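The next block is upload-v3.cif, given as mmCIF, C-alpha atoms.
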```cif
data_model
#
loop_
_atom_site.group_PDB
_atom_site.id
_atom_site.type_symbol
_atom_site.label_atom_id
_atom_site.label_comp_id
_atom_site.auth_asym_id
_atom_site.auth_seq_id
_atom_site.Cartn_x
_atom_site.Cartn_y
_atom_site.Cartn_z
ATOM 1 C CA MET A 182 104.775 81.002 62.449
ATOM 2 C CA ASP A 183 101.051 80.570 63.027
ATOM 3 C CA LEU A 184 100.640 81.028 66.774
ATOM 4 C CA GLY A 185 97.399 79.056 66.832
ATOM 5 C CA ILE A 186 95.329 81.716 68.591
ATOM 6 C CA SER A 187 93.200 83.117 65.770
ATOM 7 C CA GLY A 188 89.652 83.517 67.027
ATOM 8 C CA ARG A 189 90.710 83.593 70.676
ATOM 9 C CA ARG A 190 89.499 86.401 72.937
ATOM 10 C CA ALA A 191 91.791 88.721 74.894
ATOM 11 C CA ILE A 192 91.486 91.388 77.554
ATOM 12 C CA VAL A 193 94.465 93.741 77.517
ATOM 13 C CA ALA A 194 94.567 96.165 80.441
ATOM 14 C CA ALA A 195 95.877 99.721 80.114
ATOM 15 C CA SER A 196 96.217 99.251 76.374
ATOM 16 C CA SER A 197 95.292 102.534 74.705
ATOM 17 C CA ARG A 198 98.989 103.299 74.224
ATOM 18 C CA GLY A 199 102.495 102.168 75.120
ATOM 19 C CA LEU A 200 103.370 98.591 75.975
ATOM 20 C CA GLY A 201 99.755 97.546 76.474
ATOM 21 C CA TYR A 202 98.834 98.749 73.005
ATOM 22 C CA ALA A 203 101.888 97.001 71.528
ATOM 23 C CA CYS A 204 100.680 93.718 73.026
ATOM 24 C CA ALA A 205 97.140 94.294 71.776
ATOM 25 C CA GLU A 206 98.409 95.035 68.269
ATOM 26 C CA SER A 207 100.527 91.887 68.090
ATOM 27 C CA LEU A 208 97.594 89.787 69.292
ATOM 28 C CA ALA A 209 95.231 91.472 66.817
ATOM 29 C CA ARG A 210 97.632 90.661 64.005
ATOM 30 C CA GLU A 211 97.263 86.991 64.984
ATOM 31 C CA GLY A 212 93.479 87.189 64.630
ATOM 32 C CA VAL A 213 92.641 87.565 68.325
ATOM 33 C CA ASP A 214 89.494 89.505 69.301
ATOM 34 C CA ILE A 215 90.574 92.308 71.626
ATOM 35 C CA VAL A 216 89.072 94.241 74.512
ATOM 36 C CA LEU A 217 91.099 97.426 74.935
ATOM 37 C CA ASN A 218 91.151 99.361 78.175
ATOM 38 C CA GLY A 219 92.232 102.839 79.179
ATOM 39 C CA ARG A 220 91.186 105.880 81.170
ATOM 40 C CA ASP A 221 91.087 108.411 78.313
ATOM 41 C CA ARG A 222 88.033 107.837 76.098
ATOM 42 C CA ALA A 223 89.357 109.733 73.064
ATOM 43 C CA ARG A 224 92.697 107.956 73.128
ATOM 44 C CA LEU A 225 90.995 104.600 73.680
ATOM 45 C CA ASP A 226 88.661 105.073 70.719
ATOM 46 C CA ALA A 227 91.581 106.117 68.518
ATOM 47 C CA ALA A 228 93.550 103.022 69.499
ATOM 48 C CA ALA A 229 90.587 100.767 68.743
ATOM 49 C CA ALA A 230 90.074 102.395 65.342
ATOM 50 C CA ALA A 231 93.763 101.938 64.520
ATOM 51 C CA LEU A 232 93.611 98.218 65.288
ATOM 52 C CA ARG A 233 90.446 97.724 63.276
ATOM 53 C CA ASN A 234 91.842 99.608 60.290
ATOM 54 C CA ALA A 235 95.230 97.883 60.338
ATOM 55 C CA HIS A 236 94.160 94.320 61.074
ATOM 56 C CA GLY A 237 90.404 94.074 60.537
ATOM 57 C CA SER A 238 90.146 93.104 64.174
ATOM 58 C CA THR A 239 87.093 92.792 66.370
ATOM 59 C CA VAL A 240 87.857 95.373 69.060
ATOM 60 C CA ALA A 241 85.735 96.387 72.027
ATOM 61 C CA THR A 242 86.660 99.102 74.518
ATOM 62 C CA VAL A 243 86.199 99.593 78.243
ATOM 63 C CA CYS A 244 87.034 103.012 79.630
ATOM 64 C CA GLY A 245 88.145 103.035 83.264
ATOM 65 C CA ASP A 246 90.922 102.433 85.762
ATOM 66 C CA ILE A 247 91.880 98.774 86.025
ATOM 67 C CA GLY A 248 92.123 99.251 89.777
ATOM 68 C CA ASP A 249 88.374 99.887 90.057
ATOM 69 C CA ALA A 250 86.089 96.897 90.610
ATOM 70 C CA ASP A 251 83.536 98.443 88.242
ATOM 71 C CA THR A 252 86.118 98.475 85.445
ATOM 72 C CA VAL A 253 86.914 94.800 85.993
ATOM 73 C CA ALA A 254 83.183 94.034 85.886
ATOM 74 C CA MET A 255 82.830 95.920 82.599
ATOM 75 C CA LEU A 256 85.811 94.081 81.113
ATOM 76 C CA LEU A 257 84.235 90.747 81.980
ATOM 77 C CA ALA A 258 80.893 91.893 80.594
ATOM 78 C CA ALA A 259 82.630 92.762 77.330
ATOM 79 C CA CYS A 260 84.525 89.442 77.323
ATOM 80 C CA PRO A 261 82.932 86.915 79.690
ATOM 81 C CA GLU A 262 85.221 84.028 78.741
ATOM 82 C CA PRO A 263 88.662 85.425 77.896
ATOM 83 C CA ASP A 264 91.313 83.057 76.625
ATOM 84 C CA ILE A 265 94.077 85.620 77.104
ATOM 85 C CA VAL A 266 94.547 88.305 79.744
ATOM 86 C CA VAL A 267 97.389 90.810 79.706
ATOM 87 C CA THR A 268 97.632 92.786 82.931
ATOM 88 C CA ASN A 269 99.219 96.202 82.841
ATOM 89 C CA ASN A 270 99.049 99.504 84.660
ATOM 90 C CA GLY A 271 100.996 102.724 84.870
ATOM 91 C CA GLY A 272 103.769 102.664 87.427
ATOM 92 C CA PRO A 273 104.486 105.137 90.213
ATOM 93 C CA ALA A 274 106.824 108.002 89.470
ATOM 94 C CA PRO A 275 110.463 107.666 90.566
ATOM 95 C CA GLY A 276 111.267 109.296 93.869
ATOM 96 C CA ARG A 277 113.064 109.069 97.186
ATOM 97 C CA PHE A 278 112.425 106.506 99.892
ATOM 98 C CA ALA A 279 112.424 109.256 102.529
ATOM 99 C CA ASP A 280 109.545 111.031 100.795
ATOM 100 C CA TRP A 281 107.136 108.074 100.533
ATOM 101 C CA ASP A 282 104.554 107.782 103.269
ATOM 102 C CA ARG A 283 102.165 104.915 103.885
ATOM 103 C CA ASP A 284 99.625 106.300 101.407
ATOM 104 C CA ALA A 285 102.227 106.239 98.626
ATOM 105 C CA TRP A 286 103.017 102.586 99.314
ATOM 106 C CA ILE A 287 99.349 101.605 99.472
ATOM 107 C CA ALA A 288 98.659 103.373 96.164
ATOM 108 C CA ALA A 289 101.536 101.503 94.501
ATOM 109 C CA LEU A 290 100.349 98.162 95.855
ATOM 110 C CA ASP A 291 96.786 98.858 94.721
ATOM 111 C CA ALA A 292 97.827 99.777 91.184
ATOM 112 C CA ASN A 293 100.636 97.351 90.473
ATOM 113 C CA MET A 294 99.924 94.286 92.602
ATOM 114 C CA LEU A 295 96.327 94.119 93.793
ATOM 115 C CA ALA A 296 94.660 95.390 90.591
ATOM 116 C CA PRO A 297 96.324 92.751 88.358
ATOM 117 C CA LEU A 298 95.593 90.042 90.905
ATOM 118 C CA ALA A 299 91.903 91.007 91.043
ATOM 119 C CA LEU A 300 91.657 90.586 87.268
ATOM 120 C CA ILE A 301 93.521 87.272 87.391
ATOM 121 C CA ARG A 302 91.255 86.032 90.178
ATOM 122 C CA ALA A 303 88.195 86.858 88.075
ATOM 123 C CA VAL A 304 89.328 84.810 85.045
ATOM 124 C CA LEU A 305 91.537 82.007 86.334
ATOM 125 C CA GLY A 306 88.831 79.507 87.258
ATOM 126 C CA GLY A 307 87.063 79.801 83.914
ATOM 127 C CA MET A 308 90.298 79.389 81.993
ATOM 128 C CA ALA A 309 91.057 76.202 83.918
ATOM 129 C CA GLU A 310 87.585 74.818 83.247
ATOM 130 C CA ARG A 311 87.926 75.530 79.502
ATOM 131 C CA ARG A 312 91.441 73.999 79.459
ATOM 132 C CA PHE A 313 93.076 77.012 77.859
ATOM 133 C CA GLY A 314 94.385 80.232 79.316
ATOM 134 C CA ARG A 315 97.285 82.594 78.828
ATOM 135 C CA ILE A 316 97.983 85.296 81.409
ATOM 136 C CA VAL A 317 100.839 87.723 80.878
ATOM 137 C CA ASN A 318 101.743 90.391 83.419
ATOM 138 C CA ILE A 319 103.674 93.418 82.212
ATOM 139 C CA THR A 320 105.984 94.180 85.125
ATOM 140 C CA SER A 321 109.441 95.774 84.973
ATOM 141 C CA ALA A 322 113.139 94.979 84.678
ATOM 142 C CA MET A 323 113.360 96.555 88.149
ATOM 143 C CA VAL A 324 111.824 93.365 89.584
ATOM 144 C CA LYS A 325 115.195 91.668 89.084
ATOM 145 C CA THR A 326 117.473 94.709 89.227
ATOM 146 C CA PRO A 327 115.861 97.013 91.796
ATOM 147 C CA LEU A 328 116.978 100.611 92.151
ATOM 148 C CA SER A 329 115.877 102.729 95.090
ATOM 149 C CA PRO A 330 114.251 105.547 93.037
ATOM 150 C CA MET A 331 111.894 102.917 91.570
ATOM 151 C CA ALA A 332 111.205 101.119 94.867
ATOM 152 C CA LEU A 333 107.463 101.827 94.857
ATOM 153 C CA SER A 334 107.157 100.104 91.505
ATOM 154 C CA THR A 335 109.529 97.246 92.132
ATOM 155 C CA GLY A 336 108.079 96.501 95.565
ATOM 156 C CA ALA A 337 104.539 96.128 94.262
ATOM 157 C CA ARG A 338 105.528 94.284 91.114
ATOM 158 C CA THR A 339 107.763 91.857 92.952
ATOM 159 C CA GLY A 340 104.755 90.974 95.083
ATOM 160 C CA LEU A 341 102.723 90.334 91.932
ATOM 161 C CA THR A 342 105.554 88.197 90.553
ATOM 162 C CA SER A 343 105.609 86.030 93.658
ATOM 163 C CA VAL A 344 101.866 85.389 93.683
ATOM 164 C CA ALA A 345 101.827 84.746 89.931
ATOM 165 C CA LYS A 346 104.569 82.148 90.309
ATOM 166 C CA ALA A 347 102.610 80.345 93.018
ATOM 167 C CA LEU A 348 99.389 80.395 90.987
ATOM 168 C CA SER A 349 101.148 79.170 87.849
ATOM 169 C CA ARG A 350 101.863 75.834 89.522
ATOM 170 C CA ASP A 351 98.208 75.397 90.477
ATOM 171 C CA VAL A 352 96.832 75.713 86.929
ATOM 172 C CA ALA A 353 99.584 74.348 84.681
ATOM 173 C CA HIS A 354 97.788 71.009 84.463
ATOM 174 C CA ALA A 355 94.809 72.768 82.859
ATOM 175 C CA ASN A 356 96.829 74.322 80.008
ATOM 176 C CA VAL A 357 96.749 77.705 81.718
ATOM 177 C CA THR A 358 100.036 79.605 81.835
ATOM 178 C CA ILE A 359 101.026 82.670 83.814
ATOM 179 C CA ASN A 360 104.167 84.556 82.802
ATOM 180 C CA ASN A 361 105.680 87.989 83.252
ATOM 181 C CA LEU A 362 107.281 90.339 80.744
ATOM 182 C CA LEU A 363 110.025 92.571 82.141
ATOM 183 C CA PRO A 364 110.626 95.558 79.858
ATOM 184 C CA GLU A 365 113.690 97.794 79.902
ATOM 185 C CA ARG A 366 114.042 100.910 77.737
ATOM 186 C CA ILE A 367 111.298 100.216 75.215
ATOM 187 C CA ASP A 368 110.766 103.298 73.027
ATOM 188 C CA THR A 369 107.354 104.436 74.274
ATOM 189 C CA ASP A 370 105.927 107.733 75.514
ATOM 190 C CA ARG A 371 107.212 106.918 78.999
ATOM 191 C CA GLN A 372 110.775 106.701 77.711
ATOM 192 C CA ARG A 373 110.321 110.072 76.020
ATOM 193 C CA GLN A 374 109.235 111.496 79.363
ATOM 194 C CA MET A 375 112.318 109.991 80.989
ATOM 195 C CA ALA A 376 114.523 111.430 78.228
ATOM 196 C CA GLU A 377 112.970 114.872 78.622
ATOM 197 C CA LEU A 378 113.485 114.728 82.381
ATOM 198 C CA HIS A 379 117.108 113.642 81.963
ATOM 199 C CA ALA A 380 117.686 116.390 79.403
ATOM 200 C CA SER A 381 116.310 119.088 81.687
ATOM 201 C CA LEU A 382 118.352 117.915 84.674
ATOM 202 C CA ALA A 383 121.588 117.448 82.729
ATOM 203 C CA GLY A 384 121.302 120.530 80.525
ATOM 204 C CA ILE A 385 121.438 118.537 77.297
ATOM 205 C CA THR A 386 119.110 118.029 74.337
ATOM 206 C CA VAL A 387 116.469 115.330 74.253
ATOM 207 C CA ASP A 388 118.337 113.641 71.382
ATOM 208 C CA GLU A 389 121.473 113.570 73.511
ATOM 209 C CA ALA A 390 119.463 112.094 76.378
ATOM 210 C CA TYR A 391 118.168 109.369 74.062
ATOM 211 C CA ALA A 392 121.725 108.642 72.926
ATOM 212 C CA HIS A 393 122.816 108.309 76.532
ATOM 213 C CA MET A 394 119.892 105.974 77.270
ATOM 214 C CA ALA A 395 120.952 103.782 74.345
ATOM 215 C CA THR A 396 124.430 103.372 75.839
ATOM 216 C CA THR A 397 122.888 101.728 78.911
ATOM 217 C CA ILE A 398 121.479 98.919 76.757
ATOM 218 C CA ALA A 399 123.727 96.084 75.613
ATOM 219 C CA ALA A 400 122.095 96.121 72.176
ATOM 220 C CA GLY A 401 123.051 99.793 71.801
ATOM 221 C CA ARG A 402 119.500 100.944 71.117
ATOM 222 C CA LEU A 403 116.068 101.210 72.659
ATOM 223 C CA GLY A 404 113.650 98.371 72.129
ATOM 224 C CA ARG A 405 110.815 98.716 69.646
ATOM 225 C CA PRO A 406 107.256 98.375 70.963
ATOM 226 C CA GLY A 407 106.516 95.779 68.304
ATOM 227 C CA GLU A 408 109.312 93.569 69.607
ATOM 228 C CA PHE A 409 107.771 93.674 73.056
ATOM 229 C CA GLY A 410 104.285 93.002 71.704
ATOM 230 C CA ASP A 411 105.477 90.025 69.692
ATOM 231 C CA ALA A 412 107.116 88.532 72.792
ATOM 232 C CA CYS A 413 103.744 88.820 74.507
ATOM 233 C CA ALA A 414 101.959 87.198 71.573
ATOM 234 C CA PHE A 415 104.328 84.239 71.660
ATOM 235 C CA LEU A 416 103.724 83.688 75.379
ATOM 236 C CA CYS A 417 100.006 83.650 74.527
ATOM 237 C CA SER A 418 100.448 81.151 71.709
ATOM 238 C CA ALA A 419 99.408 77.532 71.483
ATOM 239 C CA GLN A 420 103.097 76.639 71.219
ATOM 240 C CA ALA A 421 103.920 78.244 74.587
ATOM 241 C CA GLY A 422 101.792 75.885 76.653
ATOM 242 C CA PHE A 423 104.871 74.390 78.356
ATOM 243 C CA ILE A 424 106.227 77.776 79.456
ATOM 244 C CA SER A 425 104.794 79.046 82.727
ATOM 245 C CA GLY A 426 105.863 80.850 85.877
ATOM 246 C CA GLN A 427 108.638 82.611 83.992
ATOM 247 C CA ASN A 428 110.055 86.147 83.838
ATOM 248 C CA LEU A 429 111.021 87.051 80.271
ATOM 249 C CA GLN A 430 113.267 90.087 80.121
ATOM 250 C CA VAL A 431 112.867 92.217 77.021
ATOM 251 C CA ASP A 432 115.923 94.373 77.556
ATOM 252 C CA GLY A 433 118.338 94.065 74.643
ATOM 253 C CA GLY A 434 120.532 91.632 76.580
ATOM 254 C CA SER A 435 121.261 94.138 79.344
ATOM 255 C CA TYR A 436 120.562 92.039 82.438
ATOM 256 C CA GLU A 437 123.898 91.085 83.969
ATOM 257 C CA GLY A 438 122.726 88.255 86.186
ATOM 258 C CA LEU A 439 122.600 84.556 85.448
ATOM 259 C CA ILE A 440 119.060 83.728 86.637
#
```
Could you render the structure as structure tokens?
Amino acid sequence: MDLGISGRRAIVAASSRGLGYACAESLAREGVDIVLNGRDRARLDAAAAALRNAHGSTVATVCGDIGDADTVAMLLAACPEPDIVVTNNGGPAPGRFADWDRDAWIAALDANMLAPLALIRAVLGGMAERRFGRIVNITSAMVKTPLSPMALSTGARTGLTSVAKALSRDVAHANVTINNLLPERIDTDRQRQMAELHASLAGITVDEAYAHMATTIAAGRLGRPGEFGDACAFLCSAQAGFISGQNLQVDGGSYEGLI
């Protein structure tokens, strides 16, 4: 299927690796010009080179933390009129509610709610004026199935979800959509870290930890980054203009709820 977005321009936050990179790669394959973002210059340059070599893409890079106003300014300087924005940021580490002080909560809100909203605020008006915009927030399956060790993440991201839903109704008439992708057990570096942690705590091998992780997914396996990226690309497509304000779970059918 031709997604009808060749020649469009995209900003993809926190995209030098992991889920952000997967989204950038799927968009690049569709002919979208990409602005990659990350905090590690060497990794960012390597990611950009990989996209150019694989897809012949036009790829710019902006090194910096998406939570910094200067980084947002540089992203907009690199792509003043984005058609597509994918918000993303690393999540807080798991922990215990009793151990989190006010500073921990503020840091989570800054990174996973306020930073994405600042980027959305910067681009939303222009998208509406140009009568095309696709915003996709990478959140978490924990938004709909919260667990207390992930409360910092789910609290902030649920706030983002609520604001995004409200905004989606304001701009739908202008062919601007705002949707959220909720990943669960996608096979990225973060899942390897989780497997290594589980292995060390349980006294098992990393392979055994991966096998255990797979049993928690209805599909019986971890998701592939490309599957996640392609879901993002579809939400950014011309064909997805009637889909907005939604939470798409990319979880191998694991969510047990109805809505």
(request) Between A:Leu305, A:Ala195, A:Cys260, A:Val266, single out the one closest to A:Asn293, counting all atoms listed in the file. (result) A:Ala195
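For the set A:Met331, A:Ala227, A:Val216, A:Leu429, the residue with the smallest atom-to-atom gap to A:Val243 is A:Val216, counting all atoms listed in the file.
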(request) Carefully work through the PyMOL selection byres ((chain A and resi 344-360) around 12) for this structure and note down the residues it includes, as a ChimeraX atom specification. (result) /A:263-268,294-295,297-299,301-302,304-320,337-343,361-363,412-430
(message) For the provided coordinates, the residues matched by the PyMOL selection byres ((chain A and resi 329) around 12) should be stated as a PyMOL selection string.
(response) chain A and resi 274-281+323-324+326-328+330-336
Under the PyMOL selection byres ((chain A and resi 372) around 12), which residues of this model are included? Write them out as a PDB file with C-alpha atoms, in the coordinates of the input.
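Result file is expr01.pdb:
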```pdb
ATOM      1  CA  GLY A 199     102.495 102.168  75.120  1.00  0.00           C
ATOM      2  CA  LEU A 200     103.370  98.591  75.975  1.00  0.00           C
ATOM      3  CA  PRO A 364     110.626  95.558  79.858  1.00  0.00           C
ATOM      4  CA  GLU A 365     113.690  97.794  79.902  1.00  0.00           C
ATOM      5  CA  ARG A 366     114.042 100.910  77.737  1.00  0.00           C
ATOM      6  CA  ILE A 367     111.298 100.216  75.215  1.00  0.00           C
ATOM      7  CA  ASP A 368     110.766 103.298  73.027  1.00  0.00           C
ATOM      8  CA  THR A 369     107.354 104.436  74.274  1.00  0.00           C
ATOM      9  CA  ASP A 370     105.927 107.733  75.514  1.00  0.00           C
ATOM     10  CA  ARG A 371     107.212 106.918  78.999  1.00  0.00           C
ATOM     11  CA  ARG A 373     110.321 110.072  76.020  1.00  0.00           C
ATOM     12  CA  GLN A 374     109.235 111.496  79.363  1.00  0.00           C
ATOM     13  CA  MET A 375     112.318 109.991  80.989  1.00  0.00           C
ATOM     14  CA  ALA A 376     114.523 111.430  78.228  1.00  0.00           C
ATOM     15  CA  GLU A 377     112.970 114.872  78.622  1.00  0.00           C
ATOM     16  CA  LEU A 378     113.485 114.728  82.381  1.00  0.00           C
ATOM     17  CA  HIS A 379     117.108 113.642  81.963  1.00  0.00           C
ATOM     18  CA  VAL A 387     116.469 115.330  74.253  1.00  0.00           C
ATOM     19  CA  ALA A 390     119.463 112.094  76.378  1.00  0.00           C
ATOM     20  CA  TYR A 391     118.168 109.369  74.062  1.00  0.00           C
ATOM     21  CA  MET A 394     119.892 105.974  77.270  1.00  0.00           C
ATOM     22  CA  ALA A 395     120.952 103.782  74.345  1.00  0.00           C
ATOM     23  CA  LEU A 403     116.068 101.210  72.659  1.00  0.00           C
ATOM     24  CA  GLY A 404     113.650  98.371  72.129  1.00  0.00           C
ATOM     25  CA  ARG A 405     110.815  98.716  69.646  1.00  0.00           C
ATOM     26  CA  PRO A 406     107.256  98.375  70.963  1.00  0.00           C
TER      27      PRO A 406
END
```
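The coordinates place atom CA of A:Ala289 at 27.3 Å from atom CA of A:Asp226.
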(request) Determine the nearest neighbour of A:Leu256 from the options A:Ser381, A:Ala223, A:Asp432, A:Leu300, counting only C-alpha atoms. (result) A:Leu300
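Computed from the coordinates, the atom CA of A:Glu211 to atom CA of A:Ala292 distance equals 29.2 Å.
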(message) Show me, as JSON, numbers by chain, the residues that have an atom within 7 Å of A:Gly407 when counting all atoms listed in the file, minus same-chain residues fewer than 3 positions from it.
(response) {"A": [203, 410, 411]}
Atoms to include: C-alpha atoms. Write the selected residues as a PDB file, in the coordinates of the input.
```pdb
ATOM      1  CA  ALA A 203     101.888  97.001  71.528  1.00  0.00           C
ATOM      2  CA  GLY A 410     104.285  93.002  71.704  1.00  0.00           C
ATOM      3  CA  ASP A 411     105.477  90.025  69.692  1.00  0.00           C
TER       4      ASP A 411
END
```
(request) Just give me the gap between atom CA of A:Gly438 and atom CA of A:Trp286 in Å, one decimal is fine. (result) 27.7 Å
(request) Give me the residues within 10 Å of A:Ala235 as a PyMOL selection string, counting only C-alpha atoms and dropping any in the same chain fewer than 4 places off. (result) chain A and resi 206+209-210+230-231
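When all atoms listed in the file are used to compute distances to A:Gly245, the closest of the residues A:Cys204, A:Ile287, A:Ile440, A:Ala194 turns out to be A:Ala194.
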(request) Write out as number ranges by chain the residues lying within 8 Å of A:Ala400, counting all atoms listed in the file and excluding same-chain residues fewer than 4 positions away. (result) A: 433-435
Output requested as a compact mmCIF listing (two decimals), in the frame of the given file - stretch 312-339 of chain A, filled out with N, CA and C atoms.
```
# COMPACT_ATOMS: atom_id res chain seq x y z
N ARG A 312 90.19 74.67 79.83
CA ARG A 312 91.44 74.00 79.46
C ARG A 312 92.29 74.82 78.50
N PHE A 313 92.16 76.13 78.60
CA PHE A 313 93.08 77.01 77.86
C PHE A 313 93.07 78.37 78.54
N GLY A 314 94.25 78.89 78.78
CA GLY A 314 94.38 80.23 79.32
C GLY A 314 95.81 80.71 79.22
N ARG A 315 95.97 81.97 78.88
CA ARG A 315 97.28 82.59 78.83
C ARG A 315 97.19 83.93 79.56
N ILE A 316 97.93 84.06 80.65
CA ILE A 316 97.98 85.30 81.41
C ILE A 316 99.41 85.82 81.34
N VAL A 317 99.53 87.07 80.95
CA VAL A 317 100.84 87.72 80.88
C VAL A 317 100.76 89.02 81.67
N ASN A 318 101.65 89.16 82.63
CA ASN A 318 101.74 90.39 83.42
C ASN A 318 102.90 91.24 82.90
N ILE A 319 102.61 92.48 82.57
CA ILE A 319 103.67 93.42 82.21
C ILE A 319 104.19 94.02 83.52
N THR A 320 105.42 93.67 83.88
CA THR A 320 105.98 94.18 85.12
C THR A 320 107.12 95.15 84.81
N SER A 321 108.33 94.84 85.19
CA SER A 321 109.44 95.77 84.97
C SER A 321 110.76 95.05 85.17
N ALA A 322 111.79 95.50 84.45
CA ALA A 322 113.14 94.98 84.68
C ALA A 322 113.58 95.22 86.12
N MET A 323 112.99 96.23 86.77
CA MET A 323 113.36 96.56 88.15
C MET A 323 112.99 95.44 89.13
N VAL A 324 112.13 94.50 88.72
CA VAL A 324 111.82 93.36 89.58
C VAL A 324 113.09 92.56 89.88
N LYS A 325 113.97 92.46 88.89
CA LYS A 325 115.20 91.67 89.08
C LYS A 325 116.43 92.53 89.32
N THR A 326 116.35 93.80 88.99
CA THR A 326 117.47 94.71 89.23
C THR A 326 116.95 95.97 89.89
N PRO A 327 116.51 95.87 91.15
CA PRO A 327 115.86 97.01 91.80
C PRO A 327 116.82 98.17 92.05
N LEU A 328 116.28 99.37 91.84
CA LEU A 328 116.98 100.61 92.15
C LEU A 328 116.09 101.43 93.08
N SER A 329 116.68 102.08 94.06
CA SER A 329 115.88 102.73 95.09
C SER A 329 114.92 103.80 94.56
N PRO A 330 115.24 104.57 93.51
CA PRO A 330 114.25 105.55 93.04
C PRO A 330 112.97 104.91 92.49
N MET A 331 113.05 103.63 92.13
CA MET A 331 111.89 102.92 91.57
C MET A 331 111.31 101.93 92.58
N ALA A 332 111.58 102.12 93.86
CA ALA A 332 111.20 101.12 94.87
C ALA A 332 109.70 100.94 95.00
N LEU A 333 108.91 101.99 94.81
CA LEU A 333 107.46 101.83 94.86
C LEU A 333 107.00 100.82 93.80
N SER A 334 107.52 100.99 92.61
CA SER A 334 107.16 100.10 91.50
C SER A 334 107.67 98.69 91.72
N THR A 335 108.95 98.58 92.03
CA THR A 335 109.53 97.25 92.13
C THR A 335 108.98 96.48 93.33
N GLY A 336 108.66 97.19 94.41
CA GLY A 336 108.08 96.50 95.56
C GLY A 336 106.75 95.86 95.23
N ALA A 337 105.86 96.65 94.61
CA ALA A 337 104.54 96.13 94.26
C ALA A 337 104.63 95.03 93.21
N ARG A 338 105.46 95.24 92.21
CA ARG A 338 105.53 94.28 91.11
C ARG A 338 106.25 93.00 91.51
N THR A 339 107.15 93.08 92.44
CA THR A 339 107.76 91.86 92.95
C THR A 339 106.73 91.03 93.71
```
